[in-house]
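K.L.:
This structure is in structure tokens; I'll ask about it shortly.
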Amino acid sequence: VRDDAFVERVSRAEAALAHAVETVIGNGQLGEGAVARALVSAMPVGSVLVVGNSLPVRQLDLVCPGRLGDFTVVSQRGVSGIDGLIAGAAGAAAAARRPTVAYVGDVSFLHDVGGLLTARGLGTPFCIVVANNDGGRIFEQLPVARLDLSSSSLARFTTPHGLSFGDAASLYGHRYAKAETPSSLRDAIDAALAQPGCTVVEALVPSSAARTEADALRAAAESALAVLDPETHG
Ligand SMILES: Cc1ncc(C[n+]2csc(CCOP(=O)(O)OP(=O)(O)O)c2C)c(N)n1
Ligand SMILES: [Mg+2]
């Protein structure tokens, strides 16, 4: 039996949530959500998106439900999660022979920086977007962050490094671009996909963005849903 009133409420809630997401991540700053959004909007139809673990896969899930059917999404968890992502993505580009974008975190990139060797000589456009938030910022949203740790102890989990990746790209003969706004990120990905071979695009994201955006999204979602359904969210 179709409950039209229920379907209507769910679709209104979905629209309200989409609007809430837009108000939080569509403010012109290059936060975590804006990286995912710019990247998805740059994907040509029929291309390949290799999704890294930690925040990238979660950001995609959170902010980009609309377009994911237009291209092939590939993911792997290596042996332990963040290992082997660069070599794996280069392999996916070589096998698919289609424009390929890899979306990975900075620690994941550093973990498999040697995998850049495998991206040499690719005959297809291959763009590695590194969301550089200076560490493994997922840990700031895990239970470990709620322990009463000093910031230096939490840093043993987040492992900030202060590095930038231009020299790593040039060591392996790859192109490199840095982006600090959503529109420059989009331009950099478009340029990378317009030519064969590998480009590393470093998206500079404030280290606090993941946590502040998650908090703001939760609050925006709560108030959006409260308006729709005051009895359960009042
Ligand atoms: C080989 C391996 N080592 C360590 C981990 C634990 N781990 C999970 S997420 C993560 C941090 C990843 O950082 P980054 O790639 O910068 O992603 P962010 O959390 O900032 O999105 C680490 C170290 C793992 N999953 N796999
Ligand atoms: Mg990171």
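Each chain in the structure tokens gets a letter, A, B and so on, in the order shown; residues start at 1 in every chain, and ligands are counted from 1 in the order they appear.
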Show me, as number ranges by chain, the residues that have an atom within 6 Å of A:Asn132 when counting only C-alpha atoms, minus same-chain residues fewer than 6 positions from it.

P.N.:
A: 106, 203-205

K.L.:
For the residues in that selection, give me N, CA, C and O atoms as an mmCIF file, in the first residue's frame.

P.N.:
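New file out-v3.cif:
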data_model
loop_
_atom_site.group_PDB
_atom_site.id
_atom_site.type_symbol
_atom_site.label_atom_id
_atom_site.label_comp_id
_atom_site.auth_asym_id
_atom_site.auth_seq_id
_atom_site.Cartn_x
_atom_site.Cartn_y
_atom_site.Cartn_z
ATOM 1 N N ASP A 106 45.390 13.684 2.216
ATOM 2 C CA ASP A 106 46.832 13.954 2.180
ATOM 3 C C ASP A 106 47.659 12.829 2.813
ATOM 4 O O ASP A 106 48.724 12.481 2.297
ATOM 5 N N ALA A 203 44.199 20.385 -3.205
ATOM 6 C CA ALA A 203 43.114 21.264 -2.740
ATOM 7 C C ALA A 203 43.401 21.600 -1.274
ATOM 8 O O ALA A 203 43.396 20.718 -0.418
ATOM 9 N N LEU A 204 43.690 22.868 -1.026
ATOM 10 C CA LEU A 204 44.050 23.277 0.337
ATOM 11 C C LEU A 204 42.801 23.519 1.171
ATOM 12 O O LEU A 204 42.055 24.457 0.914
ATOM 13 N N VAL A 205 42.609 22.679 2.163
ATOM 14 C CA VAL A 205 41.406 22.733 3.000
ATOM 15 C C VAL A 205 41.838 23.075 4.427
ATOM 16 O O VAL A 205 42.780 22.467 4.943
#

K.L.:
Which residues are near ligand 2 - at most 10 Å, using only C-alpha atoms and all ligand atoms? Format: as a PyMOL selection string.

P.N.:
chain A and resi 32+54-56+104-110+130-139+158-161+205+207+210

K.L.:
Between A:Val48, A:Cys127, A:Val24, A:Ala13, which residue has the minimum interatomic distance to A:Ala220, considering only C-alpha atoms?

P.N.:
A:Val24

K.L.:
Determine, counting only C-alpha atoms, which protein, DNA and RNA residues have an atom within 12 Å of an atom of A:Ala20; residues of the same chain fewer than 5 positions away are not included. Present the result as a count of residues only.

P.N.:
20

K.L.:
Give the strand (DSSP E) residues of stretch 52-225 of chain A, as DSSP finds them on the backbone, and put them as a PyMOL selection string.

P.N.:
chain A and resi 72-75+100-105+125-132+175-179+197-204

K.L.:
Env of A:Asp190: 10 Å cut, atoms = only C-alpha atoms, seq-sep filter 2 positions within chain, self excluded. Answer as a list in words.

P.N.:
Leu39, Ala42, Met43, Pro44, Cys127, Ser184, Leu185, Arg186, Asp187, Ala188, Ala192, Leu193, Ala194 and Gln195 of chain A

K.L.:
Can I get the selected residues back with N, CA and C atoms, as a CSV table (one decimal), in the first residue's frame?

P.N.:
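Done, and the output landed in part14.csv:
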chain,number,residue,atom,x,y,z
A,39,LEU,N,34.6,18.5,-7.4
A,39,LEU,CA,35.2,17.4,-8.1
A,39,LEU,C,34.1,16.6,-8.9
A,42,ALA,N,33.0,18.4,-11.9
A,42,ALA,CA,34.0,18.4,-13.0
A,42,ALA,C,34.1,17.0,-13.8
A,43,MET,N,33.4,16.0,-13.2
A,43,MET,CA,33.6,14.6,-13.8
A,43,MET,C,32.8,14.6,-15.2
A,44,PRO,N,33.6,14.3,-16.3
A,44,PRO,CA,32.9,14.1,-17.5
A,44,PRO,C,32.0,12.8,-17.5
A,127,CYS,N,43.9,12.5,-13.0
A,127,CYS,CA,44.0,13.7,-12.1
A,127,CYS,C,43.9,13.2,-10.7
A,184,SER,N,38.7,27.6,-8.6
A,184,SER,CA,40.1,27.3,-9.1
A,184,SER,C,40.3,25.7,-9.0
A,185,LEU,N,39.6,25.1,-8.1
A,185,LEU,CA,39.7,23.6,-8.1
A,185,LEU,C,39.1,23.0,-9.4
A,186,ARG,N,37.9,23.5,-9.6
A,186,ARG,CA,37.2,23.1,-10.8
A,186,ARG,C,38.0,23.3,-12.1
A,187,ASP,N,38.6,24.5,-12.2
A,187,ASP,CA,39.4,24.8,-13.4
A,187,ASP,C,40.6,23.9,-13.5
A,188,ALA,N,41.3,23.6,-12.3
A,188,ALA,CA,42.5,22.8,-12.3
A,188,ALA,C,42.1,21.4,-12.8
A,192,ALA,N,43.4,19.4,-16.1
A,192,ALA,CA,44.1,18.1,-16.0
A,192,ALA,C,43.4,17.1,-16.9
A,193,LEU,N,42.1,17.2,-17.0
A,193,LEU,CA,41.4,16.2,-17.8
A,193,LEU,C,41.4,16.5,-19.3
A,194,ALA,N,42.0,17.6,-19.7
A,194,ALA,CA,42.1,18.0,-21.1
A,194,ALA,C,43.3,17.4,-21.8
A,195,GLN,N,44.2,16.7,-21.1
A,195,GLN,CA,45.4,16.2,-21.7
A,195,GLN,C,45.8,14.8,-21.1

K.L.:
As an exercise, work out the distance from atom 7 (N, counted along the ligand's line) of ligand 1 to atom CA of A:Ala102 in Å and give it to one decimal place.

P.N.:
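Those two atoms sit 17.9 Å apart.
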
K.L.:
Using only C-alpha atoms, I'd like a table of the residues in stretch 150-225 of chain A that come within 10 Å of stretch 81-98 of chain A; for each, show the closest atom pair and its distance in Å rounded to one decimal, ordered by chain and ascending number, as JSON lines.

P.N.:
{"residue": "A:Leu193", "atom": "CA", "partner": "A:Arg98", "partner_atom": "CA", "distance": 9.9}
{"residue": "A:Pro196", "atom": "CA", "partner": "A:Arg98", "partner_atom": "CA", "distance": 9.9}
{"residue": "A:Gly197", "atom": "CA", "partner": "A:Ala93", "partner_atom": "CA", "distance": 9.9}
{"residue": "A:Cys198", "atom": "CA", "partner": "A:Ala90", "partner_atom": "CA", "distance": 8.7}
